[in-house]
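J.: First, the structure itself, so that you have it in front of you.
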Amino acid sequence: MNTNDILARLQAKYPGENEYLQAVREVLESIEEVYNMHPEFEKERIVERMVEPDRIFSFRVTWVDDRGEVQTNTGYRIQFNSAIGPYKGGLRFHRAVTPSMLKFLGFEQTFKNALTTLPMGGAKGGSDFDPKGKSNGEIMRFCQAFMQELWQCIGPDQDIPAGDVGVGGREIGYLYGQYKKLARQYNTGVLTGKGGTWGGSILRPEATGFGALYFVQHVLDHAGKDIAGKRIAVSGFGNVAWGASIKASQLGAKVVAISGPDGVCYIPDGITKEMIDYMLVMRASNRDKVEDMATRFPGKAQFTAGKKSWSIPVDIALPCAFQNELSEDDAKELVANGCWCCCEVSNMGCQPGAIHYFQQNGVLFAPGKAVNAGGVATSGLEMTQNASHISWTAEEVDSKLHQIMQSIHEQCVKFGTQPDGTVDYVKGANIGGFMKVAQAMLEQGII
Ligand code: GLU
């Protein structure tokens with residue numbers, strides 16, 4: 001395999017699909033050496049097949065807003081790879097959603113899901129619908145219109161969507177309600193992230209953030225460090241930032257920054273339980289303003305417009321918001337201010353220049369597909385509970401989540417340990433995920 005040749009061909013075929021090309025480049029660069037040691041992969045063109053989604057559904061979503069105006073958006077579902085199980089991955093509702101964004105996310109999901117040790121293929125979907133400023137009724141009507149098309153593409157043994165940016169428990173509720181009505185199927189396993197009384201798993205809302213902090217603990221432990229007392233900058237204030245803040249605080253660390261599109265809130269004494277609870281209120285308001293935290297907790301949270309969480313001096317940076325949210329300049333500022341660990345909790349949260357800078361400067365760095373896999377892993381646990389018509393206790397789910405994060409860390413160490421004994425988590429996660437999917441594709445023939 002020649003990474004540059006494959007990328008040049010993809011670039012010519014999909015010009016402007018920058019996020020997708022960025023995600024493919026990162027994986028191919030990490031696996032090239034291992035790939036070339038397996039002539040059977042090359043013979044069956046595993047990489048050429050793996051970078052193309054199995055299929056893409058694209059559909060019009062028309063709905064009526066509160067003023068009675070007709071609105072039209074575009075919806076997508078990308079079924080990326082089913083080598084190790086049915087398609088699995090979230091739905092993203094955000095104004096900037098494009099096929100490129102969802103292809104990058106579906107591609108990443110394939111390797112992430114492989115790392116979880118559970119039998120799940122990779123998928124992603126969503127819409128360019130912007131939840132900002134929308135009423136509850138508008139959200140419901142949009143979800144219903146979206147499902148009007150999506151229901152034909154999904155099923156509990158076929159493709160199981162969940163949440164992502166802009167899609168949480170409320171949206172999953174509206175989507176599931178409409179699915180039942182259209183499909184006349186009452187199997188709750190068709191979606192994950194459901195409410196606790198109708199098939200949702202305990203701890204699914206917290207799982208991405210909790211799993212991320214368990215992974216951070218393993219990274220620190222492996223490097224002979226401890227999380228207690230460390231200062232942490234989190235970005236965003238959505239579901240992922242919320243779960244990460246709860247667990248970081250429980251583990252004795254101090255979350256001193258959260259952020260939004262409008263700026264950063266610096267919380268010198270560390271985030272409190274009341275503030276963490278208020279993040280849910282801020283999310284439900286659809287205002288998308290982190291300044292609301294400073295307004296609600298004057299003196300405790302200080303808002304600065306136009307700044308990111310990466311401007312605050314911390315030990316550990318946890319991007320929890322959106323792809324490419326941390327640039328090379330941000331990485332330089334973090335390192336200059338003493339940061340020595342960055343774990344991506346958002347998918348592809350760091351730009352390639354930032355990752356390079358962290359790695360060159362001895363910062364412990366781990367990529368999203370390993371760090372945030374606890375979310376989809378707990379979705380996998382929700383599917384198991386649904387399929388066997390039982391619900392596990394919080395202790396059972398949490399202990400399984402712990403085991404899974406530990407196993408992901410072990411895979412990273414196995415495939416990413418360098419001659420000097422340090423771990424390249426990017427390489428480890430990419431090779432670990434890739435080997436599993438590649439082997440399954442090989443065994444299933446040319447399809
Ligand atoms: N959207 C989440 C992710 O990026 C969760 C997907 C799921 O639970 O299916 O992994």
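Ligands are numbered from 1 in the order shown, chains are lettered A, B, ... in the order of the structure tokens, and residues start at 1 in each chain.
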With a distance cut-off of 9 Å and only C-alpha atoms, select the neighbouring residues of Asn347 (chain A), excluding the residue or stretch itself and same-chain residues fewer than 6 positions from it, and output the selection as a PyMOL selection string.

T.: chain A and resi 105+108+319-324+367-369+372

J.: Output the selection as a compact mmCIF listing (two decimals), in the first residue's frame - N, CA and C atoms for each residue.

T.:
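Full text of result20.txt as output:
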# COMPACT_ATOMS: atom_id res chain seq x y z
N LEU A 105 -16.94 10.60 10.25
CA LEU A 105 -17.43 10.03 11.51
C LEU A 105 -17.73 8.54 11.38
N GLU A 108 -14.36 6.63 11.28
CA GLU A 108 -13.81 6.54 12.64
C GLU A 108 -14.59 5.54 13.50
N PRO A 319 -10.71 17.87 24.94
CA PRO A 319 -11.66 18.39 23.95
C PRO A 319 -12.92 17.53 23.96
N CYS A 320 -14.08 18.14 24.17
CA CYS A 320 -15.34 17.38 24.30
C CYS A 320 -16.42 17.94 23.38
N ALA A 321 -16.03 18.73 22.36
CA ALA A 321 -17.08 19.41 21.60
C ALA A 321 -17.20 18.97 20.14
N PHE A 322 -16.19 19.24 19.32
CA PHE A 322 -16.38 19.12 17.86
C PHE A 322 -15.06 18.80 17.20
N GLN A 323 -15.11 18.29 15.97
CA GLN A 323 -13.85 17.96 15.29
C GLN A 323 -13.02 19.22 15.02
N ASN A 324 -11.71 19.05 15.07
CA ASN A 324 -10.75 20.11 14.76
C ASN A 324 -10.88 21.34 15.66
N PRO A 367 -6.23 9.48 21.04
CA PRO A 367 -7.23 9.90 20.07
C PRO A 367 -8.65 9.51 20.46
N GLY A 368 -9.61 10.24 19.91
CA GLY A 368 -11.02 10.06 20.23
C GLY A 368 -11.52 8.64 20.08
N LYS A 369 -11.06 7.95 19.05
CA LYS A 369 -11.65 6.63 18.81
C LYS A 369 -11.34 5.65 19.93
N ASN A 372 -13.17 8.02 23.57
CA ASN A 372 -14.62 8.22 23.72
C ASN A 372 -15.45 6.97 23.41

J.: I'd like a table as a Markdown table: residues in chain A with an atom no more than 8 Å from ligand 1, each row giving the shortest atom pair and its distance in Å to one decimal, only C-alpha atoms and all ligand atoms counted, sorted by chain and rising residue number.

T.:
| residue | atom | partner | partner_atom_place_in_ligand_line | distance |
| --- | --- | --- | --- | --- |
| A:Lys88 | CA | ligand 1 | 9 (O) | 5.2 |
| A:Gly89 | CA | ligand 1 | 9 (O) | 3.5 |
| A:Gly90 | CA | ligand 1 | 1 (N) | 4.0 |
| A:Leu91 | CA | ligand 1 | 1 (N) | 6.6 |
| A:Arg92 | CA | ligand 1 | 1 (N) | 7.6 |
| A:Leu105 | CA | ligand 1 | 4 (O) | 7.2 |
| A:Gln109 | CA | ligand 1 | 10 (O) | 6.3 |
| A:Lys112 | CA | ligand 1 | 10 (O) | 7.4 |
| A:Asn113 | CA | ligand 1 | 10 (O) | 7.9 |
| A:Lys124 | CA | ligand 1 | 1 (N) | 7.8 |
| A:Ile160 | CA | ligand 1 | 9 (O) | 7.0 |
| A:Pro161 | CA | ligand 1 | 9 (O) | 5.6 |
| A:Ala162 | CA | ligand 1 | 9 (O) | 4.6 |
| A:Gly163 | CA | ligand 1 | 1 (N) | 5.3 |
| A:Asp164 | CA | ligand 1 | 1 (N) | 3.9 |
| A:Val165 | CA | ligand 1 | 1 (N) | 7.3 |
| A:Thr192 | CA | ligand 1 | 8 (O) | 6.4 |
| A:Gly193 | CA | ligand 1 | 8 (O) | 6.9 |
| A:Thr208 | CA | ligand 1 | 5 (C) | 7.7 |
| A:Ser346 | CA | ligand 1 | 4 (O) | 7.7 |
| A:Asn347 | CA | ligand 1 | 4 (O) | 6.4 |
| A:Lys369 | CA | ligand 1 | 10 (O) | 7.8 |
| A:Asn372 | CA | ligand 1 | 10 (O) | 6.6 |
| A:Ala373 | CA | ligand 1 | 10 (O) | 5.9 |
| A:Gly374 | CA | ligand 1 | 10 (O) | 7.8 |
| A:Gly375 | CA | ligand 1 | 5 (C) | 5.1 |
| A:Val376 | CA | ligand 1 | 8 (O) | 3.6 |
| A:Ala377 | CA | ligand 1 | 8 (O) | 7.0 |
| A:Thr378 | CA | ligand 1 | 8 (O) | 7.0 |
| A:Ser379 | CA | ligand 1 | 8 (O) | 4.7 |
| A:Gly380 | CA | ligand 1 | 8 (O) | 7.5 |

J.: Kindly indicate which residue among A:Ile267, A:Ala233, A:Leu251, A:Ala366 lies nearest to Val314 (chain A), using only C-alpha atoms for the distances.

T.: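 Smallest distance to Val314 (chain A) is found for A:Ala233.
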
J.: When DSSP works through the backbone of this structure, what residues of region 242-433 of chain A end up as helix (DSSP H, G or I), shown as JSON, numbers by chain?

T.: {"A": [242, 243, 244, 245, 246, 247, 248, 249, 250, 273, 274, 275, 276, 277, 278, 279, 280, 281, 282, 283, 284, 285, 291, 292, 293, 294, 295, 296, 309, 310, 311, 328, 329, 330, 331, 332, 333, 334, 335, 336, 352, 353, 354, 355, 356, 357, 358, 359, 360, 368, 369, 370, 371, 373, 374, 375, 376, 377, 378, 379, 380, 381, 382, 383, 384, 385, 386, 387, 394, 395, 396, 397, 398, 399, 400, 401, 402, 403, 404, 405, 406, 407, 408, 409, 410, 411, 412, 413, 414, 415, 416, 425, 426, 427, 428, 429, 430, 431, 432, 433]}

J.: Compile the contact shell of Ala23 (chain A) as a list in words: residues with an atom at most 10 Å away, counting only C-alpha atoms, same-chain residues fewer than 5 positions apart removed.

T.: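 Contacts, with the query itself left out: Asn18, Leu28, Val51, Met101, Lys103, Phe104, Leu105, Phe107, Glu108, Asn347, Met348 and Pro352 of chain A.
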
J.: Filtering to N, CA and C atoms, could you give me those residues as a PDB file, in the first residue's frame?

T.:
ATOM      1  N   ASN A  18     -12.882  17.467   3.137  1.00  0.00           N
ATOM      2  CA  ASN A  18     -11.660  17.594   3.933  1.00  0.00           C
ATOM      3  C   ASN A  18     -11.636  16.769   5.217  1.00  0.00           C
ATOM      4  N   LEU A  28      -4.461   5.655   7.644  1.00  0.00           N
ATOM      5  CA  LEU A  28      -3.552   4.985   6.705  1.00  0.00           C
ATOM      6  C   LEU A  28      -2.092   5.200   7.097  1.00  0.00           C
ATOM      7  N   VAL A  51     -12.094   2.136   2.940  1.00  0.00           N
ATOM      8  CA  VAL A  51     -12.260   3.595   2.987  1.00  0.00           C
ATOM      9  C   VAL A  51     -13.565   4.062   2.330  1.00  0.00           C
ATOM     10  N   MET A 101     -18.490  15.249   6.514  1.00  0.00           N
ATOM     11  CA  MET A 101     -18.431  15.148   7.977  1.00  0.00           C
ATOM     12  C   MET A 101     -18.924  13.771   8.423  1.00  0.00           C
ATOM     13  N   LYS A 103     -19.046  11.011   6.637  1.00  0.00           N
ATOM     14  CA  LYS A 103     -18.142   9.947   6.169  1.00  0.00           C
ATOM     15  C   LYS A 103     -16.944   9.824   7.109  1.00  0.00           C
ATOM     16  N   PHE A 104     -16.409  10.975   7.537  1.00  0.00           N
ATOM     17  CA  PHE A 104     -15.290  10.909   8.494  1.00  0.00           C
ATOM     18  C   PHE A 104     -15.752  10.227   9.774  1.00  0.00           C
ATOM     19  N   LEU A 105     -16.945  10.597  10.251  1.00  0.00           N
ATOM     20  CA  LEU A 105     -17.425  10.031  11.514  1.00  0.00           C
ATOM     21  C   LEU A 105     -17.733   8.536  11.382  1.00  0.00           C
ATOM     22  N   PHE A 107     -16.341   6.447   9.256  1.00  0.00           N
ATOM     23  CA  PHE A 107     -15.046   5.766   9.108  1.00  0.00           C
ATOM     24  C   PHE A 107     -14.409   5.556  10.484  1.00  0.00           C
ATOM     25  N   GLU A 108     -14.364   6.625  11.280  1.00  0.00           N
ATOM     26  CA  GLU A 108     -13.809   6.544  12.640  1.00  0.00           C
ATOM     27  C   GLU A 108     -14.590   5.545  13.498  1.00  0.00           C
ATOM     28  N   ASN A 347     -14.788  13.468  18.647  1.00  0.00           N
ATOM     29  CA  ASN A 347     -14.222  12.726  17.521  1.00  0.00           C
ATOM     30  C   ASN A 347     -13.311  13.648  16.722  1.00  0.00           C
ATOM     31  N   MET A 348     -12.030  13.243  16.567  1.00  0.00           N
ATOM     32  CA  MET A 348     -11.026  14.014  15.808  1.00  0.00           C
ATOM     33  C   MET A 348     -10.975  15.470  16.294  1.00  0.00           C
ATOM     34  N   PRO A 352      -4.365  17.948  12.842  1.00  0.00           N
ATOM     35  CA  PRO A 352      -3.150  17.150  12.727  1.00  0.00           C
ATOM     36  C   PRO A 352      -1.920  17.883  13.275  1.00  0.00           C
TER      37      PRO A 352
END

J.: Per residue of region 164-195 of chain A within 10 Å of region 281-302 of chain A, what are the shortest atom pair and its distance in Å to one decimal, counting only C-alpha atoms, with rows by chain and residue number, as a tab-separated table?

T.:
residue	atom	partner	partner_atom	distance
A:Gly166	CA	A:Arg283	CA	9.1
A:Gly168	CA	A:Arg283	CA	9.6
A:Arg170	CA	A:Ala284	CA	9.0

J.: Name the residues in contact with Asp130 (chain A) at a cut-off of 9 Å, using only C-alpha atoms, excluding same-chain residues fewer than 4 positions from it; report them as a PyMOL selection string.

T.: chain A and resi 93-96+134+166

J.: Selected residues, all heavy atoms, written as an mmCIF file, in the first residue's frame, please.

T.:
data_model
loop_
_atom_site.group_PDB
_atom_site.id
_atom_site.type_symbol
_atom_site.label_atom_id
_atom_site.label_comp_id
_atom_site.auth_asym_id
_atom_site.auth_seq_id
_atom_site.Cartn_x
_atom_site.Cartn_y
_atom_site.Cartn_z
ATOM 1 N N PHE A 93 -27.151 16.308 14.552
ATOM 2 C CA PHE A 93 -27.942 17.422 14.007
ATOM 3 C C PHE A 93 -27.143 18.699 14.240
ATOM 4 O O PHE A 93 -26.978 19.166 15.383
ATOM 5 C CB PHE A 93 -29.302 17.545 14.724
ATOM 6 C CG PHE A 93 -30.271 16.417 14.461
ATOM 7 C CD1 PHE A 93 -31.439 16.307 15.220
ATOM 8 C CD2 PHE A 93 -30.054 15.473 13.449
ATOM 9 C CE1 PHE A 93 -32.354 15.275 14.991
ATOM 10 C CE2 PHE A 93 -30.967 14.439 13.210
ATOM 11 C CZ PHE A 93 -32.120 14.346 13.992
ATOM 12 N N HIS A 94 -26.653 19.281 13.177
ATOM 13 C CA HIS A 94 -25.821 20.479 13.288
ATOM 14 C C HIS A 94 -25.857 21.176 11.925
ATOM 15 O O HIS A 94 -25.863 20.507 10.884
ATOM 16 C CB HIS A 94 -24.381 20.071 13.649
ATOM 17 C CG HIS A 94 -23.490 21.233 13.981
ATOM 18 N ND1 HIS A 94 -22.851 21.965 13.011
ATOM 19 C CD2 HIS A 94 -23.135 21.774 15.173
ATOM 20 C CE1 HIS A 94 -22.137 22.918 13.597
ATOM 21 N NE2 HIS A 94 -22.297 22.820 14.908
ATOM 22 N N ARG A 95 -25.839 22.520 11.958
ATOM 23 C CA ARG A 95 -25.996 23.230 10.676
ATOM 24 C C ARG A 95 -24.882 22.916 9.684
ATOM 25 O O ARG A 95 -25.068 23.008 8.473
ATOM 26 C CB ARG A 95 -26.123 24.732 10.906
ATOM 27 C CG ARG A 95 -24.855 25.388 11.403
ATOM 28 C CD ARG A 95 -25.048 26.787 11.897
ATOM 29 N NE ARG A 95 -24.271 26.974 13.098
ATOM 30 C CZ ARG A 95 -22.945 26.963 13.159
ATOM 31 N NH1 ARG A 95 -22.229 26.801 12.072
ATOM 32 N NH2 ARG A 95 -22.320 27.112 14.303
ATOM 33 N N ALA A 96 -23.684 22.499 10.177
ATOM 34 C CA ALA A 96 -22.548 22.279 9.269
ATOM 35 C C ALA A 96 -22.447 20.837 8.765
ATOM 36 O O ALA A 96 -21.450 20.466 8.141
ATOM 37 C CB ALA A 96 -21.252 22.682 9.980
ATOM 38 N N LYS A 134 -34.382 26.516 18.490
ATOM 39 C CA LYS A 134 -35.625 25.817 18.129
ATOM 40 C C LYS A 134 -36.432 25.485 19.392
ATOM 41 O O LYS A 134 -35.870 25.182 20.446
ATOM 42 C CB LYS A 134 -35.319 24.510 17.375
ATOM 43 C CG LYS A 134 -34.551 24.697 16.071
ATOM 44 C CD LYS A 134 -35.359 25.397 15.010
ATOM 45 C CE LYS A 134 -34.663 25.401 13.655
ATOM 46 N NZ LYS A 134 -33.388 26.150 13.633
ATOM 47 N N GLY A 166 -26.065 17.417 19.123
ATOM 48 C CA GLY A 166 -27.419 17.891 18.771
ATOM 49 C C GLY A 166 -28.499 16.827 18.906
ATOM 50 O O GLY A 166 -29.673 17.110 18.652
#

J.: Looking at A:Gly199, A:Pro86, A:Gly177, A:Pro261, which one is nearest to Pro119 (chain A), with distances taken over only C-alpha atoms?

T.: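 That would be A:Pro86, the residue with the smallest distance to Pro119 (chain A).
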
J.: So which bits of region 4-109 of chain A end up strand (DSSP E) when you DSSP the backbone, as JSON, numbers by chain?

T.: {"A": [55, 56, 57, 58, 59, 60, 61, 62, 63, 64, 70, 71, 72, 73, 74, 75, 76, 77, 78, 79, 80, 81, 87, 88, 89, 90, 91, 92, 93]}

J.: Okay, now the selection with C-alpha atoms, as an mmCIF file, in the first residue's frame?

T.:
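File produced: selection.cif:
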data_model
loop_
_atom_site.group_PDB
_atom_site.id
_atom_site.type_symbol
_atom_site.label_atom_id
_atom_site.label_comp_id
_atom_site.auth_asym_id
_atom_site.auth_seq_id
_atom_site.Cartn_x
_atom_site.Cartn_y
_atom_site.Cartn_z
ATOM 1 C CA ARG A 55 -23.857 2.695 1.179
ATOM 2 C CA ILE A 56 -25.115 6.236 1.726
ATOM 3 C CA PHE A 57 -28.773 7.179 2.096
ATOM 4 C CA SER A 58 -29.603 10.811 1.510
ATOM 5 C CA PHE A 59 -33.110 12.242 1.811
ATOM 6 C CA ARG A 60 -35.141 15.458 2.005
ATOM 7 C CA VAL A 61 -36.638 16.334 5.392
ATOM 8 C CA THR A 62 -39.486 18.818 5.246
ATOM 9 C CA TRP A 63 -41.227 20.158 8.354
ATOM 10 C CA VAL A 64 -43.220 23.187 9.506
ATOM 11 C CA VAL A 70 -42.148 25.283 5.606
ATOM 12 C CA GLN A 71 -38.524 24.283 6.225
ATOM 13 C CA THR A 72 -36.417 21.845 4.240
ATOM 14 C CA ASN A 73 -33.250 20.097 5.419
ATOM 15 C CA THR A 74 -31.199 17.170 4.152
ATOM 16 C CA GLY A 75 -30.929 13.929 6.120
ATOM 17 C CA TYR A 76 -28.312 11.194 5.745
ATOM 18 C CA ARG A 77 -27.464 7.735 6.987
ATOM 19 C CA ILE A 78 -24.077 6.339 6.058
ATOM 20 C CA GLN A 79 -23.689 2.604 6.578
ATOM 21 C CA PHE A 80 -19.930 2.381 6.545
ATOM 22 C CA ASN A 81 -18.797 -1.134 7.384
ATOM 23 C CA TYR A 87 -24.179 -0.906 11.486
ATOM 24 C CA LYS A 88 -23.904 1.183 14.662
ATOM 25 C CA GLY A 89 -23.289 4.866 15.238
ATOM 26 C CA GLY A 90 -24.903 8.140 16.173
ATOM 27 C CA LEU A 91 -26.944 10.853 14.471
ATOM 28 C CA ARG A 92 -25.634 14.420 14.384
ATOM 29 C CA PHE A 93 -27.942 17.422 14.007
#

J.: Please, what distance in Å, to one decimal, runs between CA of Asp65 (chain A) and CA of Lys181 (chain A)?

T.: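 The value is 21.7 Å.
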
J.: Please determine, counting only C-alpha atoms, which residue among A:Phe41, A:Val371, A:Gln148, A:Lys436 has the shortest atom-to-atom distance to Ile408 (chain A).

T.: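 Selected residue with least distance to Ile408 (chain A): A:Val371.
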
J.: Compile the contact shell of Val423 (chain A) as number ranges by chain: residues with an atom at most 8 Å away, counting only C-alpha atoms, same-chain residues fewer than 5 positions apart removed.

T.: A: 412-413, 416-418, 428

J.: Mind dumping the selected residues with N, CA and C atoms as an mmCIF file, in the first residue's frame?

T.:
data_model
loop_
_atom_site.group_PDB
_atom_site.id
_atom_site.type_symbol
_atom_site.label_atom_id
_atom_site.label_comp_id
_atom_site.auth_asym_id
_atom_site.auth_seq_id
_atom_site.Cartn_x
_atom_site.Cartn_y
_atom_site.Cartn_z
ATOM 1 N N CYS A 412 -4.220 -0.513 22.785
ATOM 2 C CA CYS A 412 -3.349 0.617 22.407
ATOM 3 C C CYS A 412 -1.902 0.342 22.814
ATOM 4 N N VAL A 413 -1.740 -0.228 24.001
ATOM 5 C CA VAL A 413 -0.379 -0.522 24.475
ATOM 6 C C VAL A 413 0.239 -1.615 23.608
ATOM 7 N N GLY A 416 0.795 -0.013 20.109
ATOM 8 C CA GLY A 416 1.373 1.328 19.997
ATOM 9 C C GLY A 416 2.645 1.563 20.796
ATOM 10 N N THR A 417 3.146 0.526 21.498
ATOM 11 C CA THR A 417 4.347 0.756 22.314
ATOM 12 C C THR A 417 5.566 0.940 21.410
ATOM 13 N N GLN A 418 6.282 2.004 21.661
ATOM 14 C CA GLN A 418 7.437 2.385 20.841
ATOM 15 C C GLN A 418 8.719 1.801 21.437
ATOM 16 N N GLY A 428 -1.555 2.882 18.140
ATOM 17 C CA GLY A 428 -2.109 1.723 18.843
ATOM 18 C C GLY A 428 -3.598 1.554 18.556
#

J.: Please, what distance in Å, to one decimal, runs between CA of Gly155 (chain A) and CA of Val190 (chain A)?

T.: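 We find that CA of Gly155 (chain A) and CA of Val190 (chain A) lie 5.1 Å from each other.
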
J.: For a test of reading the model, state the distance in Å between CA of Trp392 (chain A) and CA of Ile202 (chain A), rounded to one decimal.

T.: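 CA of Ile202 (chain A) lies 7.5 Å from CA of Trp392 (chain A).
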
J.: So, with only C-alpha atoms as the atoms that count, which of A:Thr384, A:Asn187, A:Gln439, A:Ser327 lies closest to His356 (chain A)?

T.: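 Comparing A:Thr384, A:Asn187, A:Gln439, A:Ser327 against His356 (chain A), the winner is A:Ser327.
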
J.: Set the distance at 7 Å and use only C-alpha atoms: which residues neighbour Ala429 (chain A) once local chain neighbours fewer than 4 positions away are removed? I'd like the list as an mmCIF file with all heavy atoms, in the first residue's frame.

T.:
data_model
loop_
_atom_site.group_PDB
_atom_site.id
_atom_site.type_symbol
_atom_site.label_atom_id
_atom_site.label_comp_id
_atom_site.auth_asym_id
_atom_site.auth_seq_id
_atom_site.Cartn_x
_atom_site.Cartn_y
_atom_site.Cartn_z
ATOM 1 N N ALA A 370 -10.307 5.924 20.719
ATOM 2 C CA ALA A 370 -10.059 5.106 21.912
ATOM 3 C C ALA A 370 -10.723 5.748 23.128
ATOM 4 O O ALA A 370 -11.446 5.094 23.877
ATOM 5 C CB ALA A 370 -8.556 4.984 22.150
ATOM 6 N N GLN A 411 -5.181 -2.731 24.161
ATOM 7 C CA GLN A 411 -4.948 -2.841 22.708
ATOM 8 C C GLN A 411 -4.019 -1.722 22.238
ATOM 9 O O GLN A 411 -3.150 -1.933 21.389
ATOM 10 C CB GLN A 411 -6.278 -2.782 21.948
ATOM 11 C CG GLN A 411 -7.197 -3.964 22.219
ATOM 12 C CD GLN A 411 -8.564 -3.750 21.587
ATOM 13 O OE1 GLN A 411 -8.708 -3.794 20.371
ATOM 14 N NE2 GLN A 411 -9.584 -3.504 22.397
ATOM 15 N N CYS A 412 -4.220 -0.513 22.785
ATOM 16 C CA CYS A 412 -3.349 0.617 22.407
ATOM 17 C C CYS A 412 -1.902 0.342 22.814
ATOM 18 O O CYS A 412 -0.971 0.626 22.053
ATOM 19 C CB CYS A 412 -3.819 1.919 23.061
ATOM 20 S SG CYS A 412 -5.379 2.519 22.421
ATOM 21 N N TYR A 425 -0.519 6.320 21.189
ATOM 22 C CA TYR A 425 -1.925 5.883 21.267
ATOM 23 C C TYR A 425 -2.643 6.011 19.926
ATOM 24 O O TYR A 425 -3.607 5.299 19.667
ATOM 25 C CB TYR A 425 -2.674 6.674 22.352
ATOM 26 C CG TYR A 425 -2.323 6.223 23.752
ATOM 27 C CD1 TYR A 425 -1.295 6.817 24.471
ATOM 28 C CD2 TYR A 425 -3.014 5.164 24.347
ATOM 29 C CE1 TYR A 425 -0.963 6.386 25.747
ATOM 30 C CE2 TYR A 425 -2.690 4.724 25.624
ATOM 31 C CZ TYR A 425 -1.659 5.331 26.324
ATOM 32 O OH TYR A 425 -1.336 4.885 27.581
ATOM 33 N N GLY A 433 -7.869 -1.353 15.939
ATOM 34 C CA GLY A 433 -9.176 -1.366 15.271
ATOM 35 C C GLY A 433 -9.076 -1.944 13.867
ATOM 36 O O GLY A 433 -9.882 -2.785 13.457
#

J.: Quick one: everything within 12 Å of Lys225 (chain A), counting only C-alpha atoms, minus sequence neighbours fewer than 6 positions away in the same chain. Send it as a list in words.

T.: Val216, Gln217, His218, Val219, Asp315, Ile316, Trp340, Cys341 and Leu364 of chain A

J.: Can I get the selection written as a PDB file, in the first residue's frame, with C-alpha atoms?

T.:
ATOM      1  CA  VAL A 216      -7.425   8.937  31.102  1.00  0.00           C
ATOM      2  CA  GLN A 217      -6.779   7.106  34.382  1.00  0.00           C
ATOM      3  CA  HIS A 218      -5.181   4.200  32.465  1.00  0.00           C
ATOM      4  CA  VAL A 219      -3.046   6.580  30.389  1.00  0.00           C
ATOM      5  CA  ASP A 315      -2.484  19.882  33.431  1.00  0.00           C
ATOM      6  CA  ILE A 316      -4.931  18.001  31.219  1.00  0.00           C
ATOM      7  CA  TRP A 340       1.191  17.594  29.737  1.00  0.00           C
ATOM      8  CA  CYS A 341      -1.767  15.410  28.715  1.00  0.00           C
ATOM      9  CA  LEU A 364       0.581  12.237  26.573  1.00  0.00           C
TER      10      LEU A 364
END
